[in-house]
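Coordinates as given in upload.cif (mmCIF, C-alpha atoms):
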```cif
data_run
loop_
_atom_site.label_atom_id
_atom_site.label_comp_id
_atom_site.auth_asym_id
_atom_site.auth_seq_id
_atom_site.Cartn_x
_atom_site.Cartn_y
_atom_site.Cartn_z
CA MET N 1 -18.00 3.75 25.30
CA SER N 2 -18.13 7.47 24.75
CA ILE N 3 -16.77 10.15 27.03
CA PRO N 4 -19.11 12.97 28.17
CA GLN N 5 -19.99 15.35 25.36
CA SER N 6 -19.54 19.10 25.63
CA GLY N 7 -20.05 22.38 23.87
CA GLY N 8 -23.81 22.50 23.43
CA GLY N 9 -26.13 25.25 24.61
CA LEU N 10 -29.72 25.00 25.82
CA ILE N 11 -32.15 23.30 23.44
CA GLU N 12 -34.74 25.92 22.62
CA SER N 13 -36.38 24.27 19.61
CA PHE N 14 -37.20 20.68 18.72
CA ASP N 15 -35.66 21.32 15.30
CA GLN N 16 -32.23 21.65 16.91
CA LEU N 17 -32.05 17.87 17.43
CA ALA N 18 -32.03 17.04 13.72
CA ALA N 19 -29.99 20.16 12.99
CA TYR N 20 -27.31 18.84 15.34
CA MET N 21 -26.90 15.77 13.12
CA ALA N 22 -27.18 17.77 9.90
CA SER N 23 -24.37 20.06 11.08
CA GLY N 24 -21.98 17.17 10.52
CA SER N 25 -22.50 17.34 6.73
CA LYS N 26 -19.25 18.05 4.88
CA PRO N 27 -18.16 18.39 1.26
CA ARG N 28 -16.34 15.37 -0.12
CA ASP N 29 -12.91 16.99 0.12
CA GLN N 30 -13.37 17.28 3.89
CA TRP N 31 -14.35 13.65 4.52
CA ARG N 32 -12.07 11.99 7.03
CA ILE N 33 -11.52 8.57 8.66
CA GLY N 34 -11.86 8.06 12.41
CA THR N 35 -11.03 4.60 13.72
CA GLU N 36 -11.73 3.20 17.19
CA HIS N 37 -10.48 -0.10 18.56
CA GLU N 38 -10.56 -1.88 21.89
CA LYS N 39 -8.20 -4.47 23.34
CA PHE N 40 -7.99 -6.66 26.42
CA GLY N 41 -5.20 -6.07 28.92
CA TYR N 42 -3.93 -8.93 31.05
CA THR N 43 -0.98 -10.01 33.17
CA PRO N 44 1.05 -12.76 31.45
CA ASP N 45 1.85 -14.61 34.68
CA THR N 46 -1.79 -15.03 35.76
CA LEU N 47 -3.59 -14.58 32.42
CA LEU N 48 -6.15 -12.50 34.32
CA PRO N 49 -7.47 -9.09 33.26
CA LEU N 50 -5.66 -5.97 34.42
CA PRO N 51 -7.24 -4.41 37.52
CA TYR N 52 -7.73 -0.68 37.72
CA GLU N 53 -5.25 -0.21 40.60
CA GLY N 54 -1.84 -1.76 41.26
CA PRO N 55 1.65 -2.05 39.76
CA ALA N 56 0.37 -3.84 36.65
CA SER N 57 -2.93 -2.08 36.09
CA ILE N 58 -5.06 0.11 33.89
CA ARG N 59 -4.20 3.12 35.99
CA ALA N 60 -0.48 2.40 35.59
CA MET N 61 -0.98 2.16 31.82
CA LEU N 62 -2.76 5.51 31.66
CA GLU N 63 -0.18 7.20 33.87
CA GLY N 64 2.66 5.69 31.86
CA LEU N 65 1.25 7.01 28.60
CA ARG N 66 0.62 10.38 30.22
CA ASP N 67 4.12 10.71 31.63
CA GLY N 68 6.05 9.15 28.77
CA PHE N 69 4.23 10.24 25.63
CA GLY N 70 2.59 13.59 26.25
CA TRP N 71 -1.01 12.51 26.70
CA ALA N 72 -3.20 14.80 28.84
CA PRO N 73 -5.23 13.06 31.55
CA VAL N 74 -9.03 12.88 31.73
CA GLU N 75 -10.28 12.43 35.30
CA GLU N 76 -13.55 11.58 36.97
CA GLN N 77 -13.93 12.08 40.71
CA GLY N 78 -10.17 12.37 41.09
CA LYS N 79 -9.35 9.17 39.18
CA ILE N 80 -7.69 9.06 35.79
CA ILE N 81 -10.09 7.41 33.35
CA GLY N 82 -8.75 8.49 29.96
CA LEU N 83 -6.27 10.52 27.93
CA THR N 84 -6.33 13.06 25.10
CA ARG N 85 -3.73 14.15 22.55
CA ASP N 86 -3.95 15.85 19.16
CA GLY N 87 -7.62 15.06 18.62
CA ALA N 88 -7.32 11.42 19.74
CA ASN N 89 -8.55 9.83 22.98
CA VAL N 90 -7.64 6.80 25.02
CA SER N 91 -10.65 5.68 27.03
CA LEU N 92 -11.81 2.70 29.07
CA GLU N 93 -14.61 0.25 28.55
CA PRO N 94 -16.36 -1.01 31.71
CA GLY N 95 -14.09 -4.04 32.21
CA GLY N 96 -10.90 -2.14 31.49
CA GLN N 97 -10.83 -2.74 27.74
CA PHE N 98 -8.30 -0.18 26.50
CA GLU N 99 -9.69 1.89 23.63
CA LEU N 100 -8.03 4.21 21.16
CA SER N 101 -10.43 6.67 19.56
CA GLY N 102 -8.16 8.02 16.88
CA GLY N 103 -7.99 11.42 15.30
CA MET N 104 -9.65 12.23 11.99
CA MET N 105 -7.28 11.09 9.25
CA ASP N 106 -7.09 11.92 5.55
CA ASP N 107 -6.40 8.38 4.35
CA MET N 108 -5.70 4.82 5.41
CA HIS N 109 -1.95 5.34 5.46
CA GLN N 110 -2.31 7.96 8.18
CA THR N 111 -4.76 5.70 10.01
CA ALA N 112 -2.33 2.78 9.93
CA ALA N 113 0.53 5.00 11.11
CA GLU N 114 -1.56 6.28 14.01
CA LEU N 115 -2.38 2.72 15.06
CA ALA N 116 1.26 1.66 14.86
CA THR N 117 2.34 4.60 17.02
CA HIS N 118 -0.34 3.86 19.60
CA LEU N 119 0.47 0.17 19.89
CA ALA N 120 4.19 0.93 20.13
CA GLU N 121 3.57 3.36 22.99
CA VAL N 122 1.27 0.88 24.72
CA LYS N 123 3.91 -1.83 24.43
CA VAL N 124 6.60 0.38 26.00
CA VAL N 125 4.45 1.02 29.06
CA ALA N 126 3.04 -2.51 29.21
CA ASP N 127 6.50 -4.09 29.09
CA ARG N 128 7.64 -1.85 31.92
CA ILE N 129 4.74 -2.70 34.24
CA GLY N 130 4.37 -6.37 33.28
CA ALA N 131 1.22 -6.29 31.16
CA ARG N 132 0.18 -7.40 27.69
CA PHE N 133 -2.71 -6.65 25.34
CA MET N 134 -4.57 -8.87 22.90
CA GLY N 135 -7.16 -8.40 20.19
CA LEU N 136 -10.22 -10.65 20.19
CA GLY N 137 -13.95 -10.01 19.95
CA ALA N 138 -14.69 -11.62 23.31
CA ALA N 139 -12.70 -12.60 26.38
CA PRO N 140 -11.87 -16.28 25.82
CA GLU N 141 -11.85 -17.50 29.44
CA TRP N 142 -12.69 -14.80 31.98
CA THR N 143 -15.96 -14.97 33.92
CA HIS N 144 -17.98 -11.92 34.89
CA ASP N 145 -16.78 -12.18 38.48
CA GLN N 146 -13.14 -12.00 37.34
CA MET N 147 -13.62 -8.70 35.52
CA PRO N 148 -12.54 -5.43 37.14
CA VAL N 149 -14.92 -2.47 37.21
CA MET N 150 -13.64 0.86 35.98
CA PRO N 151 -14.35 3.92 38.19
CA LYS N 152 -16.83 5.61 35.85
CA GLY N 153 -20.28 6.60 37.04
CA ARG N 154 -21.85 5.91 33.66
CA TYR N 155 -20.89 2.27 33.90
CA ARG N 156 -22.30 1.78 37.39
CA LEU N 157 -25.69 2.95 36.16
CA MET N 158 -25.55 0.90 32.98
CA THR N 159 -24.52 -2.30 34.76
CA ASP N 160 -27.66 -2.22 36.91
CA TYR N 161 -29.92 -1.40 33.99
CA MET N 162 -28.44 -4.05 31.68
CA GLY N 163 -29.32 -6.73 34.19
CA ARG N 164 -32.98 -5.73 33.95
CA VAL N 165 -33.58 -5.33 30.21
CA GLY N 166 -31.72 -8.17 28.48
CA THR N 167 -29.78 -11.37 28.90
CA HIS N 168 -26.29 -10.43 27.67
CA GLY N 169 -25.81 -6.75 28.45
CA THR N 170 -23.12 -7.09 31.07
CA GLN N 171 -21.24 -9.52 28.83
CA MET N 172 -21.10 -6.78 26.20
CA MET N 173 -19.93 -4.18 28.70
CA TYR N 174 -17.20 -6.15 30.40
CA ARG N 175 -16.08 -8.92 28.05
CA THR N 176 -16.18 -7.80 24.41
CA CYS N 177 -13.93 -5.74 22.13
CA THR N 178 -14.68 -4.20 18.76
CA VAL N 179 -13.08 -2.18 15.99
CA GLN N 180 -15.16 0.45 14.24
CA VAL N 181 -14.78 3.34 11.84
CA ASN N 182 -16.51 6.71 11.81
CA LEU N 183 -17.16 8.20 8.38
CA ASP N 184 -18.60 11.46 7.08
CA PHE N 185 -21.58 12.26 4.90
CA ALA N 186 -22.22 15.17 2.53
CA SER N 187 -25.94 15.72 3.05
CA GLU N 188 -29.09 14.13 4.39
CA ALA N 189 -29.53 12.15 1.17
CA ASP N 190 -25.94 10.93 1.37
CA MET N 191 -26.44 9.94 5.00
CA VAL N 192 -29.55 7.96 4.06
CA GLN N 193 -27.79 5.99 1.33
CA LYS N 194 -24.75 5.33 3.51
CA MET N 195 -26.86 4.23 6.49
CA ARG N 196 -28.84 1.83 4.34
CA VAL N 197 -25.67 0.27 2.95
CA ALA N 198 -24.04 0.26 6.39
CA ILE N 199 -26.95 -1.52 8.07
CA ALA N 200 -27.62 -3.97 5.24
CA LEU N 201 -23.98 -4.99 4.81
CA GLN N 202 -22.92 -4.91 8.46
CA PRO N 203 -23.35 -8.72 8.62
CA VAL N 204 -20.62 -8.99 5.98
CA ALA N 205 -18.23 -7.19 8.33
CA THR N 206 -19.38 -9.42 11.20
CA ALA N 207 -18.51 -12.50 9.15
CA LEU N 208 -15.22 -11.22 7.74
CA PHE N 209 -13.91 -10.05 11.12
CA ALA N 210 -15.29 -12.85 13.33
CA SER N 211 -12.76 -13.64 16.07
CA SER N 212 -14.74 -14.72 19.12
CA PRO N 213 -15.45 -18.47 19.00
CA PHE N 214 -14.45 -18.92 22.66
CA PHE N 215 -16.18 -17.77 25.85
CA GLU N 216 -15.73 -18.80 29.47
CA GLY N 217 -13.08 -21.34 28.54
CA ARG N 218 -14.84 -23.27 25.82
CA LEU N 219 -16.17 -23.17 22.29
CA ASN N 220 -19.42 -21.22 22.18
CA GLY N 221 -20.85 -22.43 18.86
CA HIS N 222 -20.50 -19.04 17.20
CA GLN N 223 -17.94 -17.41 14.96
CA SER N 224 -18.68 -14.07 16.61
CA TRP N 225 -19.93 -14.41 20.16
CA ARG N 226 -19.60 -10.64 20.42
CA SER N 227 -22.29 -10.30 17.75
CA ARG N 228 -24.46 -12.88 19.54
CA ILE N 229 -24.16 -10.86 22.74
CA TRP N 230 -25.53 -7.76 21.01
CA ARG N 231 -28.64 -9.71 20.01
CA GLY N 232 -29.42 -10.33 23.68
CA LEU N 233 -28.71 -6.89 25.07
CA ASP N 234 -31.63 -4.45 24.80
CA ASP N 235 -33.92 -4.65 21.79
CA VAL N 236 -35.06 -1.03 21.96
CA ARG N 237 -31.54 0.33 21.42
CA THR N 238 -29.85 -2.31 19.23
CA GLY N 239 -30.41 -4.09 15.94
CA MET N 240 -30.83 -3.56 12.21
CA LEU N 241 -33.22 -0.55 12.33
CA PRO N 242 -35.87 -1.52 9.74
CA PHE N 243 -37.16 2.08 9.62
CA VAL N 244 -33.90 3.12 7.92
CA PHE N 245 -35.16 1.40 4.76
CA GLU N 246 -38.60 3.02 4.79
CA ASP N 247 -39.63 5.95 2.62
CA GLY N 248 -39.08 9.24 4.41
CA PHE N 249 -36.07 8.16 6.45
CA GLY N 250 -33.78 11.05 7.30
CA PHE N 251 -32.39 13.01 10.21
CA GLN N 252 -35.80 13.61 11.78
CA ARG N 253 -36.83 9.96 11.65
CA TYR N 254 -33.57 9.00 13.38
CA VAL N 255 -34.23 11.68 16.02
CA ASP N 256 -37.65 10.13 16.68
CA TYR N 257 -36.02 6.74 17.17
CA VAL N 258 -33.45 8.07 19.64
CA LEU N 259 -36.10 10.01 21.56
CA ASP N 260 -38.06 6.79 22.07
CA VAL N 261 -35.07 5.02 23.64
CA PRO N 262 -35.15 5.27 27.46
CA MET N 263 -32.41 7.38 29.02
CA TYR N 264 -29.50 6.17 31.14
CA PHE N 265 -28.23 9.37 32.76
CA VAL N 266 -27.65 13.11 32.70
CA TYR N 267 -24.09 14.36 33.18
CA ARG N 268 -23.71 17.40 35.43
CA ASP N 269 -20.61 18.91 37.06
CA GLY N 270 -18.56 15.72 36.85
CA HIS N 271 -21.39 13.47 38.10
CA TYR N 272 -23.72 11.04 36.35
CA ILE N 273 -27.29 11.57 37.54
CA ASN N 274 -29.48 8.47 37.41
CA ALA N 275 -32.20 8.87 34.78
CA LEU N 276 -32.61 5.17 34.03
CA GLY N 277 -35.77 4.46 32.04
CA GLN N 278 -36.80 8.10 31.86
CA SER N 279 -37.78 9.92 28.66
CA PHE N 280 -35.79 12.52 26.78
CA ARG N 281 -39.12 13.80 25.48
CA ASP N 282 -40.02 14.66 29.08
CA PHE N 283 -36.60 16.27 29.48
CA LEU N 284 -37.37 18.56 26.53
CA LYS N 285 -40.52 19.69 28.34
CA GLY N 286 -38.68 20.29 31.61
CA GLU N 287 -40.43 17.32 33.20
CA LEU N 288 -37.56 14.85 33.69
CA PRO N 289 -37.95 13.33 37.18
CA ALA N 290 -34.16 13.24 37.61
CA LEU N 291 -33.87 17.01 37.03
CA ALA N 292 -37.31 18.48 37.59
CA GLY N 293 -37.80 21.85 35.93
CA GLU N 294 -34.53 21.72 34.00
CA LYS N 295 -34.33 21.48 30.22
CA PRO N 296 -31.54 19.75 28.25
CA THR N 297 -28.58 21.15 26.40
CA LEU N 298 -27.24 19.94 23.09
CA SER N 299 -24.51 18.21 25.10
CA ASP N 300 -27.24 16.20 26.88
CA TRP N 301 -28.65 15.26 23.50
CA ALA N 302 -25.22 14.23 22.25
CA ASP N 303 -24.76 12.11 25.39
CA HIS N 304 -28.14 10.44 24.90
CA MET N 305 -27.28 9.62 21.28
CA THR N 306 -24.30 7.60 22.56
CA THR N 307 -26.67 5.29 24.48
CA VAL N 308 -28.23 3.74 21.37
CA PHE N 309 -26.27 0.83 19.93
CA PRO N 310 -27.58 -0.25 16.50
CA GLU N 311 -25.36 -2.00 13.99
CA ALA N 312 -24.62 1.39 12.44
CA ARG N 313 -25.20 4.66 14.28
CA VAL N 314 -25.61 8.28 13.21
CA LYS N 315 -24.31 11.24 15.15
CA LYS N 316 -22.52 13.98 13.22
CA TYR N 317 -21.02 11.07 11.28
CA ILE N 318 -21.84 7.39 10.78
CA GLU N 319 -20.30 4.64 12.93
CA MET N 320 -19.86 1.10 11.57
CA ARG N 321 -20.27 -1.15 14.61
CA GLY N 322 -20.47 -4.79 13.51
CA ALA N 323 -16.90 -6.13 13.71
CA ASP N 324 -14.88 -8.06 16.29
CA ALA N 325 -11.49 -6.72 17.32
CA GLY N 326 -8.45 -8.59 16.07
CA PRO N 327 -4.80 -8.37 15.05
CA VAL N 328 -3.23 -5.27 13.52
CA SER N 329 -3.89 -6.33 9.93
CA ARG N 330 -7.60 -6.52 10.66
CA LEU N 331 -7.69 -3.33 12.71
CA ASN N 332 -6.49 -1.60 9.54
CA ALA N 333 -8.69 -3.65 7.22
CA LEU N 334 -11.94 -2.64 8.91
CA PRO N 335 -11.72 1.11 8.17
CA ALA N 336 -10.31 0.38 4.72
CA PHE N 337 -13.26 -1.93 3.97
CA TRP N 338 -15.84 0.74 4.73
CA VAL N 339 -13.90 3.65 3.23
CA GLY N 340 -13.75 1.78 -0.06
CA LEU N 341 -17.50 1.27 -0.02
CA MET N 342 -18.58 4.64 1.35
CA TYR N 343 -16.18 7.22 -0.07
CA ASP N 344 -16.43 6.26 -3.74
CA GLN N 345 -19.85 6.92 -5.26
CA ASN N 346 -19.64 4.12 -7.81
CA ALA N 347 -18.84 1.59 -5.07
CA LEU N 348 -21.59 2.98 -2.84
CA ASP N 349 -24.19 2.79 -5.61
CA ALA N 350 -23.14 -0.76 -6.51
CA ALA N 351 -23.25 -1.82 -2.86
CA TRP N 352 -26.78 -0.51 -2.54
CA ASP N 353 -27.75 -2.33 -5.74
CA LEU N 354 -26.65 -5.58 -4.06
CA ALA N 355 -28.77 -5.01 -0.96
CA LYS N 356 -31.77 -2.89 -1.94
CA GLY N 357 -33.97 -5.86 -2.81
CA TRP N 358 -33.67 -7.51 0.60
CA ASP N 359 -36.50 -7.40 3.08
CA ALA N 360 -36.12 -6.93 6.83
CA GLU N 361 -36.23 -10.67 7.44
CA THR N 362 -33.31 -11.28 5.08
CA ARG N 363 -31.23 -8.53 6.65
CA GLU N 364 -31.89 -9.84 10.16
CA GLY N 365 -31.33 -13.41 9.01
CA LEU N 366 -27.91 -12.47 7.67
CA ARG N 367 -27.05 -10.77 10.95
CA VAL N 368 -27.91 -13.89 12.95
CA ALA N 369 -26.30 -16.30 10.51
CA ALA N 370 -23.09 -14.24 10.34
CA SER N 371 -22.62 -14.44 14.10
CA VAL N 372 -23.12 -18.21 14.06
CA SER N 373 -21.51 -19.32 10.82
CA GLY N 374 -19.28 -16.49 9.59
CA LEU N 375 -18.54 -16.82 5.88
CA ARG N 376 -20.63 -20.02 5.73
CA ALA N 377 -23.76 -18.05 6.66
CA GLU N 378 -26.84 -18.08 4.44
CA ALA N 379 -30.21 -16.35 4.76
CA GLY N 380 -33.02 -15.50 2.37
CA GLY N 381 -31.19 -17.23 -0.45
CA VAL N 382 -28.10 -15.05 0.06
CA LYS N 383 -24.84 -16.93 0.59
CA MET N 384 -22.44 -14.93 2.73
CA LEU N 385 -19.25 -16.06 1.01
CA ASP N 386 -20.57 -15.01 -2.39
CA LEU N 387 -21.81 -11.72 -0.97
CA ALA N 388 -18.54 -11.04 0.82
CA ARG N 389 -16.61 -11.69 -2.38
CA GLU N 390 -18.73 -9.16 -4.29
CA VAL N 391 -18.66 -6.54 -1.53
CA LEU N 392 -14.91 -6.87 -1.04
CA ALA N 393 -14.35 -6.39 -4.77
CA LEU N 394 -16.41 -3.18 -4.62
CA SER N 395 -14.39 -1.92 -1.67
CA GLN N 396 -11.11 -2.71 -3.44
CA ALA N 397 -12.30 -0.86 -6.52
CA GLY N 398 -13.40 2.09 -4.40
CA LEU N 399 -9.99 2.36 -2.76
CA LYS N 400 -8.22 2.11 -6.09
CA ALA N 401 -10.44 4.86 -7.46
CA ARG N 402 -9.49 7.09 -4.49
CA ALA N 403 -5.88 6.65 -5.65
CA ARG N 404 -4.28 7.66 -2.36
CA PRO N 405 -0.62 6.54 -2.43
CA GLY N 406 1.49 6.12 0.67
CA ALA N 407 3.46 3.69 2.82
CA GLY N 408 5.00 2.23 -0.33
CA MET N 409 1.58 1.48 -1.83
CA ALA N 410 0.00 2.85 -4.98
CA ASP N 411 -3.34 3.14 -3.20
CA GLU N 412 -5.12 1.97 -0.05
CA SER N 413 -6.43 -1.34 -1.36
CA GLY N 414 -3.50 -3.30 0.09
CA TYR N 415 -5.06 -2.97 3.54
CA LEU N 416 -7.75 -5.37 2.33
CA ASP N 417 -5.32 -8.18 1.48
CA VAL N 418 -6.04 -10.01 4.74
CA LEU N 419 -9.75 -10.03 3.88
CA ALA N 420 -9.01 -11.20 0.34
CA GLU N 421 -7.18 -14.17 1.85
CA SER N 422 -10.22 -14.99 3.99
CA VAL N 423 -12.59 -14.81 1.04
CA ALA N 424 -10.28 -16.91 -1.14
CA SER N 425 -10.07 -19.63 1.50
CA GLY N 426 -13.61 -19.27 2.82
CA ARG N 427 -12.14 -19.18 6.32
CA THR N 428 -12.37 -16.56 9.04
CA LEU N 429 -9.96 -15.85 11.86
CA ALA N 430 -12.43 -17.65 14.11
CA ASP N 431 -12.10 -20.76 11.92
CA ASP N 432 -8.32 -20.63 12.21
CA LEU N 433 -8.44 -20.18 16.00
CA VAL N 434 -10.79 -23.13 16.42
CA ALA N 435 -8.55 -25.29 14.21
CA ARG N 436 -5.53 -24.45 16.36
CA TYR N 437 -7.48 -25.07 19.57
CA GLU N 438 -8.60 -28.50 18.37
CA GLY N 439 -5.24 -29.26 16.76
CA GLU N 440 -1.83 -27.97 17.77
CA TRP N 441 -3.04 -26.40 21.04
CA GLY N 442 -4.52 -29.72 22.16
CA GLY N 443 -7.51 -27.99 23.78
CA ASP N 444 -5.28 -25.64 25.78
CA LEU N 445 -7.05 -22.30 25.43
CA THR N 446 -4.32 -20.46 27.31
CA ARG N 447 -2.37 -20.60 24.04
CA VAL N 448 -4.69 -17.95 22.60
CA TYR N 449 -3.22 -15.17 24.76
CA ALA N 450 0.23 -15.17 23.23
CA GLU N 451 -1.18 -15.96 19.80
CA MET N 452 -3.42 -12.88 19.77
CA SER N 453 -1.26 -10.39 21.69
CA TYR N 454 0.15 -7.27 20.04
#
```
Would it be possible to restate this file's structure as structure tokens?
Amino acid sequence: MSIPQSGGGLIESFDQLAAYMASGSKPRDQWRIGTEHEKFGYTPDTLLPLPYEGPASIRAMLEGLRDGFGWAPVEEQGKIIGLTRDGANVSLEPGGQFELSGGMMDDMHQTAAELATHLAEVKVVADRIGARFMGLGAAPEWTHDQMPVMPKGRYRLMTDYMGRVGTHGTQMMYRTCTVQVNLDFASEADMVQKMRVAIALQPVATALFASSPFFEGRLNGHQSWRSRIWRGLDDVRTGMLPFVFEDGFGFQRYVDYVLDVPMYFVYRDGHYINALGQSFRDFLKGELPALAGEKPTLSDWADHMTTVFPEARVKKYIEMRGADAGPVSRLNALPAFWVGLMYDQNALDAAWDLAKGWDAETREGLRVAASVSGLRAEAGGVKMLDLAREVLALSQAGLKARARPGAGMADESGYLDVLAESVASGRTLADDLVARYEGEWGGDLTRVYAEMSY
């Protein structure tokens, strides 16, 4: 989840909303890679999630990173709830999922180095306090009642609202982890093409990175339960955004979509003001019940944009949001996968050629099938394994064309090797975890903690 936005003045013209997004446009030589990943913390003796307070806790982790590695604290109401350093952030999801929002990197080698540094620092502190962290798309055993609640006002409001608008919202908040990448665009036209590819092919990422076949101590019948959860959250702010594929899509059409999504809150002076279900359109007119007579700032608009959760999301950049968290190799593979597709024009054009003939039903069918069946998914006559093979080849070619050497590699395509292994075998990480659970683990799901820990 995002931290409060800042730096925006009063909105004086409706045109400023689209202009805010357009201001993110950058020439190709300024395109960067921003990766975010979440992980579950737990205590190895109890196998329960880390609480916020205590010797082995989220607070102790944040304070340990602050004191030992030069991170600056972020506080809310006197409690440490995040960290910042050199353009990167460590933040908390509602159930204590520990998130790194990395800095903007030039290439995948820098991205991988940043991740390695972060996990090494986390391990130093975790070992000292008696904690561990693991990468999975969904908590394998924990129930909702076992999850801690982080001291963030935004989450208190969202928890109440999620219980009223969908069936799985609190599961998403407290018991899922993802890895995503944030990528730049050059212009409105470039944003449109990238969003169309991102939405259409997000099910491929869901299948390739599926790692959540367990939930509440048993098999759940899905390769990616995290993806299934998103389909039961809140239809008005999630999904595959069919309007993205319509003629005329651009910044303004996305603004109209976000404006029609009910608000959660307004952030003022360190406090989250309840605006649940209220309209940002009313806010623009100075008629928001939560702040009668007051008009929004661009920071309020930026905050509101963080409360829509489609499979790919536009702000001043595009976020790819369809993948489960996982081990280090896959945390690096996810940004590499999308960089290869998005930052080479030949790969981007070829990716769009693969998907442009699909209708909305096929795209949604692939989304559903990917969460259930992973690489065995099929919808609208499209077989996921065949599609994944083609898309991965495009990404590999795109990374080779970028020709960015580093870390002993000639280019960045080596970060996709773990995905190439999946495509060659037709098996996902979820398949492998289920096989171990039913085989060598003998149905003992507690084995997954050590197996998936960093």
Could you build a table of the residues in range 5-65 of chain N lying no more than 6 Å from range 117-136 of chain N, giving for each the nearest pair of atoms and their separation in Å rounded to one decimal place, using only C-alpha atoms, ordered by chain and ascending residue number, as a tab-separated table?
```
residue	atom	partner	partner_atom	distance
N:Lys39	CA	N:Gly135	CA	5.1
N:Phe40	CA	N:Met134	CA	5.4
N:Gly41	CA	N:Phe133	CA	4.4
N:Tyr42	CA	N:Arg132	CA	5.5
N:Thr43	CA	N:Ala131	CA	4.8
N:Ala56	CA	N:Ile129	CA	5.1
N:Gly64	CA	N:Val125	CA	5.7
```
- prompt: Hey, which of N:Val423, N:Val255, N:Met150, N:Ala369 ends up closest to Trp225 in chain N? Count only C-alpha atoms.
  reply: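 Ranking N:Val423, N:Val255, N:Met150, N:Ala369 by distance to Trp225 in chain N, first place goes to N:Ala369.
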- request: Show which residues sit within 12 Å of Pro242 in chain N, as a list in words. Count all atoms listed in the file, and ignore same-chain residues fewer than 5 positions away.
  value: Met195, Arg196, Ile199, Ala200, Asp247, Phe249, Arg253, Tyr254, Tyr257, Pro310, Glu311, Ala312, Trp358, Asp359, Ala360, Glu361, Thr362, Arg363 and Glu364 of chain N
- request: For the structure shown, which residues end up in the PyMOL selection byres ((chain N and resi 345) around 12)? Put them as a PyMOL selection string, please?
  value: chain N and resi 28+185-186+190+193-194+339-344+346-352+394-395+397-399+401-402
- request: Kindly give the distance, in Å, that separates CA of Leu291 in chain N and CA of Gly24 in chain N, rounded to a single decimal.
  value: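 Computed distance, CA of Leu291 in chain N to CA of Gly24 in chain N, equals 29.1 Å.
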Serialized range 151-162 of chain N w/ N, CA and C atoms as a short mmCIF file (atom, residue, chain, number, x, y, z; two decimals), in the first residue's frame:
```
data_model
loop_
_atom_site.label_atom_id
_atom_site.label_comp_id
_atom_site.auth_asym_id
_atom_site.auth_seq_id
_atom_site.Cartn_x
_atom_site.Cartn_y
_atom_site.Cartn_z
N PRO N 151 -0.51 -0.01 12.78
CA PRO N 151 -1.09 1.24 13.30
C PRO N 151 -1.12 2.35 12.25
N LYS N 152 -1.91 2.11 11.20
CA LYS N 152 -2.04 3.10 10.12
C LYS N 152 -3.51 3.41 9.92
N GLY N 153 -3.86 4.68 9.99
CA GLY N 153 -5.26 5.08 9.90
C GLY N 153 -5.92 4.67 8.60
N ARG N 154 -5.18 4.69 7.52
CA ARG N 154 -5.70 4.28 6.22
C ARG N 154 -6.25 2.87 6.27
N TYR N 155 -5.55 1.99 6.97
CA TYR N 155 -5.95 0.59 6.99
C TYR N 155 -7.18 0.36 7.85
N ARG N 156 -7.33 1.13 8.90
CA ARG N 156 -8.55 1.00 9.72
C ARG N 156 -9.79 1.34 8.90
N LEU N 157 -9.70 2.40 8.12
CA LEU N 157 -10.84 2.77 7.27
C LEU N 157 -11.10 1.71 6.20
N MET N 158 -10.05 1.24 5.56
CA MET N 158 -10.20 0.28 4.47
C MET N 158 -10.75 -1.05 4.96
N THR N 159 -10.33 -1.48 6.15
CA THR N 159 -10.80 -2.76 6.68
C THR N 159 -12.30 -2.77 6.82
N ASP N 160 -12.86 -1.69 7.35
CA ASP N 160 -14.31 -1.59 7.51
C ASP N 160 -15.01 -1.59 6.15
N TYR N 161 -14.47 -0.83 5.22
CA TYR N 161 -15.11 -0.70 3.92
C TYR N 161 -15.04 -2.00 3.13
N MET N 162 -13.91 -2.70 3.19
CA MET N 162 -13.75 -3.95 2.46
C MET N 162 -14.79 -4.97 2.87
#
```
